[in-house]
$ cat upload.tsv   # TSV, C-alpha atoms
chain	number	residue	atom	x	y	z
A	1	MET	CA	63.92	110.78	89.52
A	2	SER	CA	60.32	111.18	88.49
A	3	ALA	CA	58.65	110.09	91.71
A	4	GLN	CA	58.75	112.38	94.73
A	5	VAL	CA	61.03	110.88	97.44
A	6	SER	CA	59.76	111.50	100.95
A	7	PRO	CA	62.43	112.86	103.37
A	8	ILE	CA	62.37	109.66	105.41
A	9	ASP	CA	63.28	107.55	102.39
A	10	GLU	CA	66.18	109.70	101.30
A	11	VAL	CA	69.49	107.92	101.42
A	12	LYS	CA	71.66	109.67	103.97
A	13	SER	CA	75.24	110.11	102.97
A	14	THR	CA	76.80	112.11	105.82
A	15	PRO	CA	79.92	110.65	107.45
A	16	TRP	CA	78.00	109.57	110.55
A	17	SER	CA	75.07	107.92	108.74
A	18	GLY	CA	76.67	104.51	108.83
A	19	GLY	CA	78.18	102.33	106.19
A	20	LYS	CA	81.63	103.86	106.34
A	21	SER	CA	84.24	104.82	108.90
A	22	PRO	CA	83.68	108.46	109.88
A	23	PHE	CA	87.25	108.87	111.12
A	24	GLN	CA	88.62	107.12	108.02
A	25	ALA	CA	91.06	105.33	110.25
A	26	GLU	CA	91.33	101.62	110.89
A	27	TYR	CA	89.83	100.28	114.16
A	28	GLY	CA	93.15	99.25	115.71
A	29	LYS	CA	94.66	102.63	115.00
A	30	ILE	CA	91.80	104.48	116.70
A	31	MET	CA	92.09	102.14	119.69
A	32	MET	CA	95.83	102.79	119.86
A	33	TRP	CA	95.08	106.52	119.99
A	34	PHE	CA	92.59	106.03	122.82
A	35	PHE	CA	95.07	103.86	124.72
A	36	LEU	CA	97.72	106.56	124.30
A	37	LEU	CA	95.25	109.15	125.58
A	38	SER	CA	94.68	107.10	128.74
A	39	ASP	CA	98.43	106.62	129.09
A	40	ALA	CA	98.86	110.37	128.74
A	41	PHE	CA	96.55	110.77	131.74
A	42	THR	CA	98.66	108.32	133.75
A	43	PHE	CA	101.91	110.10	132.96
A	44	SER	CA	100.31	113.50	133.57
A	45	SER	CA	99.17	112.40	137.02
A	46	LEU	CA	102.70	111.31	137.88
A	47	LEU	CA	104.36	114.43	136.47
A	48	ILE	CA	101.82	116.85	137.92
A	49	SER	CA	102.15	115.24	141.38
A	50	TYR	CA	105.90	115.66	141.03
A	51	GLY	CA	105.37	119.29	140.05
A	52	ALA	CA	103.07	119.98	143.00
A	53	LEU	CA	105.47	118.39	145.50
A	54	ARG	CA	108.43	120.22	144.09
A	55	PHE	CA	106.58	123.52	143.86
A	56	SER	CA	105.63	123.36	147.53
A	57	SER	CA	109.20	122.56	148.64
A	58	SER	CA	111.49	125.28	149.92
A	59	SER	CA	114.53	123.64	148.29
A	60	TRP	CA	115.21	120.87	145.77
A	61	PRO	CA	118.31	119.03	144.50
A	62	ALA	CA	119.70	121.12	141.62
A	63	PRO	CA	119.58	119.11	138.36
A	64	ASP	CA	122.96	120.29	137.09
A	65	LYS	CA	124.54	119.18	140.39
A	66	VAL	CA	122.84	115.79	140.53
A	67	PHE	CA	123.18	114.90	136.86
A	68	GLN	CA	126.71	115.93	135.93
A	69	SER	CA	128.42	112.68	135.08
A	70	VAL	CA	128.93	110.79	131.85
A	71	PRO	CA	129.07	107.15	133.02
A	72	GLY	CA	132.35	105.54	132.04
A	73	LEU	CA	133.97	108.84	131.06
A	74	LEU	CA	133.52	111.65	133.56
A	75	ASP	CA	132.44	111.57	137.18
A	76	SER	CA	131.52	115.23	137.30
A	77	GLY	CA	131.72	118.53	135.47
A	78	ALA	CA	129.52	117.61	132.51
A	79	PRO	CA	126.01	118.65	133.51
A	80	LEU	CA	123.19	117.40	131.27
A	81	VAL	CA	125.57	116.00	128.64
A	82	PHE	CA	124.62	112.35	129.15
A	83	VAL	CA	120.89	113.00	129.31
A	84	GLY	CA	121.29	115.16	126.21
A	85	LEU	CA	122.73	112.15	124.45
A	86	MET	CA	119.80	110.00	125.66
A	87	THR	CA	117.31	112.59	124.38
A	88	PHE	CA	119.08	112.68	121.03
A	89	ILE	CA	119.02	108.87	120.75
A	90	LEU	CA	115.30	108.69	121.50
A	91	ILE	CA	114.39	111.46	119.03
A	92	LEU	CA	116.57	109.73	116.44
A	93	SER	CA	114.80	106.40	116.96
A	94	SER	CA	111.50	108.25	116.58
A	95	VAL	CA	112.74	109.53	113.22
A	96	THR	CA	113.78	106.05	112.05
A	97	MET	CA	110.32	104.84	113.08
A	98	VAL	CA	108.55	107.51	111.05
A	99	LEU	CA	110.83	106.63	108.13
A	100	ALA	CA	109.75	102.98	108.52
A	101	VAL	CA	106.11	104.08	108.34
A	102	GLU	CA	106.87	106.17	105.27
A	103	ALA	CA	108.60	103.21	103.58
A	104	GLY	CA	105.58	101.07	104.51
A	105	HIS	CA	103.29	103.34	102.53
A	106	ARG	CA	105.45	102.64	99.49
A	107	MET	CA	105.36	98.90	100.30
A	108	ALA	CA	109.17	98.89	100.32
A	109	LYS	CA	109.75	95.86	102.52
A	110	LYS	CA	113.55	96.09	102.67
A	111	GLU	CA	113.47	99.74	103.72
A	112	VAL	CA	110.82	99.12	106.38
A	113	LEU	CA	112.97	96.30	107.74
A	114	MET	CA	116.10	98.45	107.84
A	115	TRP	CA	114.39	101.36	109.62
A	116	MET	CA	112.64	99.02	112.08
A	117	VAL	CA	115.95	97.35	112.98
A	118	LEU	CA	117.51	100.80	113.54
A	119	THR	CA	114.54	101.78	115.73
A	120	VAL	CA	115.02	98.66	117.86
A	121	ILE	CA	118.74	99.42	118.19
A	122	GLY	CA	117.89	103.00	119.21
A	123	GLY	CA	115.48	101.70	121.84
A	124	PHE	CA	118.06	99.33	123.30
A	125	THR	CA	120.70	102.08	123.34
A	126	PHE	CA	118.34	104.37	125.25
A	127	LEU	CA	117.57	101.60	127.76
A	128	GLY	CA	121.29	100.94	128.19
A	129	CYS	CA	121.93	104.64	128.87
A	130	GLN	CA	119.11	104.72	131.37
A	131	ALA	CA	120.53	101.67	133.15
A	132	LEU	CA	123.89	103.48	133.42
A	133	GLU	CA	122.18	106.62	134.69
A	134	TRP	CA	120.25	104.64	137.31
A	135	SER	CA	123.29	102.71	138.50
A	136	HIS	CA	125.29	105.94	138.75
A	137	LEU	CA	122.63	107.55	140.97
A	138	HIS	CA	122.36	104.32	142.94
A	139	HIS	CA	126.10	104.39	143.62
A	140	GLU	CA	125.75	107.99	144.80
A	141	GLY	CA	123.27	106.69	147.36
A	142	PHE	CA	119.93	107.53	145.73
A	143	TRP	CA	117.26	104.84	145.55
A	144	TRP	CA	113.64	104.39	146.58
A	145	GLY	CA	113.73	105.19	150.30
A	146	THR	CA	117.49	105.84	150.31
A	147	ILE	CA	119.50	109.06	150.00
A	148	PRO	CA	123.20	110.03	150.27
A	149	SER	CA	124.62	111.24	153.60
A	150	ALA	CA	123.80	114.73	154.87
A	151	GLU	CA	127.36	115.84	154.07
A	152	GLU	CA	127.06	114.80	150.41
A	153	LEU	CA	123.59	116.33	150.09
A	154	LYS	CA	125.05	119.79	150.76
A	155	HIS	CA	126.81	119.60	147.39
A	156	LEU	CA	123.58	118.81	145.55
A	157	PHE	CA	121.51	121.75	146.74
A	158	THR	CA	121.93	125.43	145.91
A	159	GLY	CA	120.40	127.17	148.89
A	160	GLY	CA	117.47	126.62	151.22
A	161	ASN	CA	117.26	125.36	154.77
A	162	GLU	CA	119.85	122.60	155.31
A	163	ALA	CA	117.67	120.86	157.89
A	164	THR	CA	115.07	120.11	155.19
A	165	TYR	CA	117.52	118.71	152.59
A	166	SER	CA	117.00	115.07	153.51
A	167	VAL	CA	113.21	115.35	153.19
A	168	TYR	CA	113.34	116.88	149.71
A	169	ALA	CA	116.20	114.69	148.52
A	170	GLN	CA	114.11	111.66	149.47
A	171	GLN	CA	111.08	112.99	147.59
A	172	PHE	CA	113.30	113.68	144.60
A	173	ALA	CA	114.74	110.14	144.67
A	174	ASN	CA	111.34	108.44	144.95
A	175	LEU	CA	109.77	110.56	142.21
A	176	PHE	CA	112.77	110.27	139.90
A	177	PHE	CA	113.00	106.48	140.05
A	178	THR	CA	109.23	106.02	139.86
A	179	ILE	CA	108.65	108.30	136.90
A	180	THR	CA	111.75	107.46	134.83
A	181	GLY	CA	111.15	103.83	135.78
A	182	PHE	CA	107.59	103.94	134.50
A	183	HIS	CA	108.82	105.60	131.32
A	184	GLY	CA	111.66	103.09	130.98
A	185	PHE	CA	109.13	100.29	131.32
A	186	HIS	CA	107.21	101.82	128.42
A	187	VAL	CA	110.39	102.00	126.35
A	188	PHE	CA	111.11	98.38	127.21
A	189	SER	CA	107.65	97.18	126.15
A	190	GLY	CA	107.95	99.39	123.06
A	191	VAL	CA	111.21	97.67	122.10
A	192	ILE	CA	109.63	94.23	122.59
A	193	ILE	CA	106.64	95.20	120.41
A	194	ASN	CA	109.00	96.68	117.81
A	195	ILE	CA	110.96	93.42	117.71
A	196	ILE	CA	107.77	91.42	117.13
A	197	ILE	CA	106.74	93.78	114.33
A	198	THR	CA	110.24	93.67	112.84
A	199	ILE	CA	110.11	89.86	112.73
A	200	ASN	CA	106.73	90.06	111.01
A	201	VAL	CA	108.11	92.53	108.49
A	202	ALA	CA	111.03	90.18	107.80
A	203	LEU	CA	108.64	87.24	107.37
A	204	GLY	CA	106.66	89.26	104.85
A	205	THR	CA	103.42	89.16	106.86
A	206	TYR	CA	102.47	92.74	106.01
A	207	GLN	CA	103.63	92.47	102.41
A	208	LYS	CA	101.13	89.59	102.01
A	209	ARG	CA	98.46	91.54	103.86
A	210	GLY	CA	98.94	94.42	101.47
A	211	SER	CA	99.38	97.08	104.13
A	212	TYR	CA	101.94	98.10	106.73
A	213	LEU	CA	99.29	99.49	109.10
A	214	MET	CA	100.73	97.49	112.02
A	215	VAL	CA	104.01	99.39	111.64
A	216	GLU	CA	102.01	102.61	111.77
A	217	LYS	CA	100.20	101.58	114.95
A	218	VAL	CA	103.29	100.49	116.83
A	219	GLY	CA	104.88	103.69	115.50
A	220	LEU	CA	102.21	105.71	117.30
A	221	TYR	CA	103.16	103.99	120.56
A	222	TRP	CA	106.85	104.57	119.97
A	223	HIS	CA	106.36	108.28	119.25
A	224	PHE	CA	104.28	108.57	122.41
A	225	VAL	CA	107.16	107.14	124.43
A	226	ASP	CA	109.40	109.77	122.85
A	227	LEU	CA	106.81	112.43	123.64
A	228	VAL	CA	106.70	111.47	127.31
A	229	TRP	CA	110.49	111.60	127.48
A	230	VAL	CA	110.38	115.19	126.17
A	231	PHE	CA	108.33	116.10	129.25
A	232	VAL	CA	110.34	113.99	131.70
A	233	PHE	CA	113.53	115.57	130.35
A	234	THR	CA	112.18	119.11	130.80
A	235	PHE	CA	110.75	118.66	134.27
A	236	PHE	CA	113.52	116.55	135.83
A	237	TYR	CA	116.63	117.84	134.08
A	238	LEU	CA	115.98	121.41	132.98
A	239	VAL	CA	113.49	123.11	135.32
B	1	MET	CA	96.53	90.76	114.77
B	2	SER	CA	93.05	91.13	113.43
B	3	SER	CA	92.21	90.90	109.80
B	4	GLU	CA	92.83	94.26	108.29
B	5	PRO	CA	91.04	95.09	105.10
B	6	THR	CA	93.52	95.08	102.27
B	7	ASP	CA	92.00	98.28	100.96
B	8	ALA	CA	92.75	99.98	104.31
B	9	HIS	CA	95.53	101.70	102.46
B	10	ALA	CA	93.09	103.46	100.19
B	11	GLU	CA	91.13	104.77	103.19
B	12	HIS	CA	94.03	106.95	104.20
B	13	GLY	CA	94.06	109.64	101.62
B	14	GLU	CA	96.68	111.91	103.14
B	15	HIS	CA	99.83	109.85	103.40
B	16	GLU	CA	101.47	112.41	101.22
B	17	GLY	CA	101.56	114.61	104.33
B	18	MET	CA	104.86	113.05	105.37
B	19	THR	CA	107.63	112.78	102.81
B	20	LYS	CA	111.23	111.96	103.64
B	21	LYS	CA	112.13	115.61	103.21
B	22	LYS	CA	109.39	116.68	105.62
B	23	ILE	CA	110.52	114.08	108.18
B	24	ILE	CA	114.08	115.42	108.11
B	25	GLN	CA	112.73	118.97	108.47
B	26	ILE	CA	110.72	118.06	111.57
B	27	PHE	CA	113.74	116.21	112.99
B	28	MET	CA	115.82	119.36	112.54
B	29	VAL	CA	113.15	121.44	114.31
B	30	LEU	CA	113.08	119.01	117.27
B	31	LEU	CA	116.86	118.90	117.42
B	32	GLY	CA	117.05	122.69	117.16
B	33	ILE	CA	114.61	123.22	120.03
B	34	THR	CA	116.57	120.76	122.20
B	35	VAL	CA	119.83	122.56	121.41
B	36	VAL	CA	118.22	125.90	122.38
B	37	GLU	CA	117.11	124.33	125.69
B	38	PHE	CA	120.68	123.22	126.35
B	39	ILE	CA	122.08	126.64	125.52
B	40	ILE	CA	119.68	128.19	128.02
B	41	ALA	CA	120.41	125.60	130.72
B	42	LEU	CA	124.20	125.46	130.31
B	43	LEU	CA	125.15	128.96	129.18
B	44	LEU	CA	122.48	131.60	129.66
B	45	VAL	CA	121.24	130.66	133.14
B	46	PRO	CA	124.68	130.05	134.79
B	47	LYS	CA	125.90	133.39	133.42
B	48	ASN	CA	122.74	135.08	134.69
B	49	ILE	CA	121.82	136.35	131.24
B	50	ILE	CA	118.39	134.81	131.80
B	51	PRO	CA	117.19	134.46	135.44
B	52	LEU	CA	115.90	131.01	136.39
B	53	HIS	CA	112.33	132.18	136.93
B	54	TYR	CA	112.23	133.36	133.31
B	55	ALA	CA	113.99	130.26	132.01
B	56	ASN	CA	111.38	127.85	133.39
B	57	PRO	CA	108.42	129.22	131.40
B	58	ILE	CA	110.66	129.24	128.31
B	59	TYR	CA	111.47	125.53	128.84
B	60	ILE	CA	107.77	124.74	129.14
B	61	VAL	CA	106.84	126.63	125.97
B	62	LEU	CA	109.68	124.93	124.05
B	63	THR	CA	108.59	121.53	125.41
B	64	LEU	CA	105.01	122.12	124.29
B	65	ALA	CA	106.32	123.14	120.86
B	66	LYS	CA	108.26	119.86	120.64
B	67	ALA	CA	105.16	117.95	121.76
B	68	PHE	CA	103.13	119.65	119.02
B	69	TYR	CA	105.61	118.67	116.30
B	70	ILE	CA	105.80	115.05	117.49
B	71	VAL	CA	102.03	114.61	117.75
B	72	ALA	CA	101.06	116.61	114.66
B	73	TYR	CA	103.67	115.29	112.23
B	74	PHE	CA	105.33	112.12	113.54
B	75	MET	CA	102.05	110.78	114.89
B	76	HIS	CA	100.26	112.19	111.87
B	77	LEU	CA	97.40	113.64	113.92
B	78	LYS	CA	97.39	116.86	111.90
B	79	PHE	CA	96.43	114.91	108.79
B	80	GLU	CA	93.67	112.78	110.33
B	81	LYS	CA	89.96	113.56	110.09
B	82	ILE	CA	89.08	116.52	112.30
B	83	GLY	CA	86.78	114.27	114.41
B	84	LEU	CA	89.64	111.98	115.39
B	85	THR	CA	91.93	114.93	116.09
B	86	LEU	CA	89.35	116.52	118.40
B	87	ALA	CA	88.61	113.19	120.12
B	88	ILE	CA	92.27	113.02	121.13
B	89	VAL	CA	93.05	116.69	121.76
B	90	VAL	CA	89.93	117.88	123.65
B	91	PRO	CA	90.29	115.41	126.61
B	92	ILE	CA	93.72	117.00	127.24
B	93	LEU	CA	91.66	119.79	128.87
B	94	PHE	CA	91.26	117.45	131.85
B	95	ILE	CA	95.03	117.43	132.25
B	96	ILE	CA	95.05	121.23	132.30
B	97	GLY	CA	92.36	120.99	134.97
B	98	LEU	CA	94.56	118.71	137.08
B	99	ILE	CA	97.47	121.12	136.69
B	100	LEU	CA	95.31	124.02	137.94
B	101	VAL	CA	93.92	122.03	140.87
B	102	LEU	CA	97.29	120.71	142.04
B	103	THR	CA	99.01	124.07	141.61
B	104	ASN	CA	96.38	125.54	143.89
B	105	GLU	CA	96.81	122.63	146.29
B	106	SER	CA	100.58	123.03	146.40
B	107	HIS	CA	100.16	126.68	147.41
B	108	TYR	CA	98.30	125.34	150.43
B	109	TRP	CA	101.08	122.81	151.12
B	110	VAL	CA	103.61	125.64	151.21
B	111	ASP	CA	101.68	127.14	154.13
B	112	LEU	CA	101.39	123.72	155.80
B	113	ARG	CA	105.11	123.08	155.56
B	114	GLY	CA	105.83	126.53	156.96
$ encode --input "upload.tsv" --output "structure tokens"
Amino acid sequence: MSAQVSPIDEVKSTPWSGGKSPFQAEYGKIMMWFFLLSDAFTFSSLLISYGALRFSSSSWPAPDKVFQSVPGLLDSGAPLVFVGLMTFILILSSVTMVLAVEAGHRMAKKEVLMWMVLTVIGGFTFLGCQALEWSHLHHEGFWWGTIPSAEELKHLFTGGNEATYSVYAQQFANLFFTITGFHGFHVFSGVIINIIITINVALGTYQKRGSYLMVEKVGLYWHFVDLVWVFVFTFFYLV
Amino acid sequence: MSSEPTDAHAEHGEHEGMTKKKIIQIFMVLLGITVVEFIIALLLVPKNIIPLHYANPIYIVLTLAKAFYIVAYFMHLKFEKIGLTLAIVVPILFIIGLILVLTNESHYWVDLRG
């Protein structure tokens, strides 16, 4: 370095000067994050609307009265048990997914395959539980635009003006089926994507490619679905 | 499935952030928080040990804690470059904005509904 280098000729080496990825993350992964952010806005809009409607209501169906059955076992008397099981299954499938990602970093194809298969099974189990939950509520008379008779509604509320029960029960039914339905649709698409990725793992596509980044990206989506369920669970079943 | 650079692996320096042991730890935390929520909902509230209007904020705090663990560890956001983390976390402020606006709006609906 004998000659004086003018400032304009200096080679810039900051992260944002070009030539390398400033986030040090692969393009598809960043795009998955941005998609999830937009999806978070969609779910927030749904959940916050639900919150505002419920907050402004003078009464609301009590969760431990509405959700107190274990389909196939108990018709009543077991509040939150079934949804607890569903929550457990979804968290568990999130764990198997993160284990698949971890195995992918070690390029352990067999382990990735095993954990991916378990994740798919977890996803299907959750969907099955949700189908049972939906059909149970449907048999009780809840559906979009449909609610149980006024006599039955009295058992689902814990106070408030009886004349308003039907209005709030209807809002509850519409919001419940719309929001859990939208979430269930996400789980369903997640399972389909997981199956595609699992097949690719089995075929050795990522082993040949030298990286299991695709597992990581679909993992992000799957964790997001779990994340949304955490909120749905709190605001529909607990609060 | 676009062509991913085969050296993409090398770009991610911090994979060591999640080991099997760590994953099991986080799972236990998530499970523990959920169990606490159930204890509150099934035991403490029905027996009036905690009134419902105290239980609700507790549920929300516990839910946000679960959300943090899922996003930070399972989704690995804690170990990404700070720029990427901020790009994802800062827009969440808009959601807080919507919560504030609609809470305010629902106060007005209460009056409307009488």
$ residues_around --input "upload.tsv" --residues "Val215 (chain A)" --least-positions-apart "5" --cutoff "10 Å" --atoms "only C-alpha atoms" --output "ChimeraX atom specification"
/A:97-98,100-102,104-105,112,116,194,197-198,200-201,206,220
$ atom_distance --input "upload.tsv" --atom1 "CA of Val228 (chain A)" --atom2 "CA of Ile195 (chain A)"
20.9 Å
$ interface_residues --input "upload.tsv" --of "chain B" --to "chain A" --cutoff "6 Å" --atoms "all atoms listed in the file" --output "list of chain:residue names"
B:Thr6, B:Glu11, B:Asn56, B:Met75, B:Lys81, B:Leu84, B:Leu102, B:Thr103, B:Ser106, B:Trp109, B:Val110
$ atom_distance --input "upload.tsv" --atom1 "CA of Ser189 (chain A)" --atom2 "CA of Gly204 (chain A)"
22.7 Å
$ residues_around --input "upload.tsv" --residues "region 132-136 of chain A" --least-positions-apart "4" --cutoff "12 Å" --atoms "only C-alpha atoms" --output "VMD selection string"
chain A and resid 66 to 76 80 to 83 85 to 86 125 to 128 140 to 144 173 176 to 178 180 to 181 184
$ atom_distance --input "upload.tsv" --atom1 "CA of Leu156 (chain A)" --atom2 "CA of Leu64 (chain B)"
28.4 Å
$ closest_residue --input "upload.tsv" --among "B:Glu80, B:Pro46, B:Phe74, B:Ile40" --to "Lys29 (chain A)" --atoms "only C-alpha atoms"
B:Glu80
$ closest_residue --input "upload.tsv" --among "B:Tyr59, B:Tyr108, B:Tyr69, B:Tyr54" --to "Phe38 (chain B)" --atoms "only C-alpha atoms"
B:Tyr59
$ residues_around --input "upload.tsv" --residues "Thr146 (chain A)" --least-positions-apart "4" --cutoff "12 Å" --atoms "all atoms listed in the file" --output "JSON list (two decimals) with C-alpha atoms, in the coordinates of the input"
[["chain", "number", "residue", "atom", "x", "y", "z"],
["A", 137, "LEU", "CA", 122.63, 107.55, 140.97],
["A", 138, "HIS", "CA", 122.36, 104.32, 142.94],
["A", 139, "HIS", "CA", 126.10, 104.39, 143.62],
["A", 140, "GLU", "CA", 125.75, 107.99, 144.80],
["A", 141, "GLY", "CA", 123.27, 106.69, 147.36],
["A", 142, "PHE", "CA", 119.93, 107.53, 145.73],
["A", 150, "ALA", "CA", 123.80, 114.73, 154.87],
["A", 166, "SER", "CA", 117.00, 115.07, 153.51],
["A", 167, "VAL", "CA", 113.21, 115.35, 153.19],
["A", 168, "TYR", "CA", 113.34, 116.88, 149.71],
["A", 169, "ALA", "CA", 116.20, 114.69, 148.52],
["A", 170, "GLN", "CA", 114.11, 111.66, 149.47],
["A", 171, "GLN", "CA", 111.08, 112.99, 147.59],
["A", 172, "PHE", "CA", 113.30, 113.68, 144.60],
["A", 173, "ALA", "CA", 114.74, 110.14, 144.67],
["A", 174, "ASN", "CA", 111.34, 108.44, 144.95],
["A", 177, "PHE", "CA", 113.00, 106.48, 140.05]]
$ build_atoms --input "upload.tsv" --residues "region 154-171 of chain A" --atoms "N, CA and C atoms" --output "PDB file, in the coordinates of the input"
ATOM      1  N   LYS A 154     124.757 118.349 150.804  1.00  0.00           N
ATOM      2  CA  LYS A 154     125.050 119.790 150.760  1.00  0.00           C
ATOM      3  C   LYS A 154     125.580 120.207 149.399  1.00  0.00           C
ATOM      4  N   HIS A 155     126.255 119.266 148.701  1.00  0.00           N
ATOM      5  CA  HIS A 155     126.810 119.600 147.390  1.00  0.00           C
ATOM      6  C   HIS A 155     125.761 119.554 146.285  1.00  0.00           C
ATOM      7  N   LEU A 156     124.587 118.991 146.600  1.00  0.00           N
ATOM      8  CA  LEU A 156     123.580 118.810 145.550  1.00  0.00           C
ATOM      9  C   LEU A 156     122.519 119.901 145.561  1.00  0.00           C
ATOM     10  N   PHE A 157     122.505 120.682 146.650  1.00  0.00           N
ATOM     11  CA  PHE A 157     121.510 121.750 146.740  1.00  0.00           C
ATOM     12  C   PHE A 157     122.186 123.102 146.517  1.00  0.00           C
ATOM     13  N   THR A 158     121.392 124.073 146.063  1.00  0.00           N
ATOM     14  CA  THR A 158     121.930 125.430 145.910  1.00  0.00           C
ATOM     15  C   THR A 158     121.078 126.390 146.727  1.00  0.00           C
ATOM     16  N   GLY A 159     121.157 126.281 148.024  1.00  0.00           N
ATOM     17  CA  GLY A 159     120.400 127.170 148.890  1.00  0.00           C
ATOM     18  C   GLY A 159     119.237 126.482 149.564  1.00  0.00           C
ATOM     19  N   GLY A 160     118.564 127.202 150.462  1.00  0.00           N
ATOM     20  CA  GLY A 160     117.470 126.620 151.220  1.00  0.00           C
ATOM     21  C   GLY A 160     117.925 126.179 152.590  1.00  0.00           C
ATOM     22  N   ASN A 161     116.971 125.776 153.398  1.00  0.00           N
ATOM     23  CA  ASN A 161     117.260 125.360 154.770  1.00  0.00           C
ATOM     24  C   ASN A 161     117.894 123.972 154.804  1.00  0.00           C
ATOM     25  N   GLU A 162     119.125 123.877 155.326  1.00  0.00           N
ATOM     26  CA  GLU A 162     119.850 122.600 155.310  1.00  0.00           C
ATOM     27  C   GLU A 162     119.123 121.501 156.061  1.00  0.00           C
ATOM     28  N   ALA A 163     118.362 121.869 157.089  1.00  0.00           N
ATOM     29  CA  ALA A 163     117.670 120.860 157.890  1.00  0.00           C
ATOM     30  C   ALA A 163     116.616 120.114 157.072  1.00  0.00           C
ATOM     31  N   THR A 164     116.132 120.741 155.980  1.00  0.00           N
ATOM     32  CA  THR A 164     115.070 120.110 155.190  1.00  0.00           C
ATOM     33  C   THR A 164     115.618 119.317 154.005  1.00  0.00           C
ATOM     34  N   TYR A 165     116.940 119.363 153.776  1.00  0.00           N
ATOM     35  CA  TYR A 165     117.520 118.710 152.590  1.00  0.00           C
ATOM     36  C   TYR A 165     117.129 117.246 152.466  1.00  0.00           C
ATOM     37  N   SER A 166     117.214 116.526 153.606  1.00  0.00           N
ATOM     38  CA  SER A 166     117.000 115.070 153.510  1.00  0.00           C
ATOM     39  C   SER A 166     115.568 114.757 153.081  1.00  0.00           C
ATOM     40  N   VAL A 167     114.607 115.586 153.554  1.00  0.00           N
ATOM     41  CA  VAL A 167     113.210 115.350 153.190  1.00  0.00           C
ATOM     42  C   VAL A 167     113.026 115.491 151.676  1.00  0.00           C
ATOM     43  N   TYR A 168     113.560 116.611 151.137  1.00  0.00           N
ATOM     44  CA  TYR A 168     113.340 116.880 149.710  1.00  0.00           C
ATOM     45  C   TYR A 168     114.183 115.983 148.823  1.00  0.00           C
ATOM     46  N   ALA A 169     115.381 115.619 149.301  1.00  0.00           N
ATOM     47  CA  ALA A 169     116.200 114.690 148.520  1.00  0.00           C
ATOM     48  C   ALA A 169     115.492 113.344 148.399  1.00  0.00           C
ATOM     49  N   GLN A 170     114.823 112.935 149.494  1.00  0.00           N
ATOM     50  CA  GLN A 170     114.110 111.660 149.470  1.00  0.00           C
ATOM     51  C   GLN A 170     112.924 111.712 148.491  1.00  0.00           C
ATOM     52  N   GLN A 171     112.190 112.846 148.539  1.00  0.00           N
ATOM     53  CA  GLN A 171     111.080 112.990 147.590  1.00  0.00           C
ATOM     54  C   GLN A 171     111.593 112.965 146.162  1.00  0.00           C
TER      55      GLN A 171
END
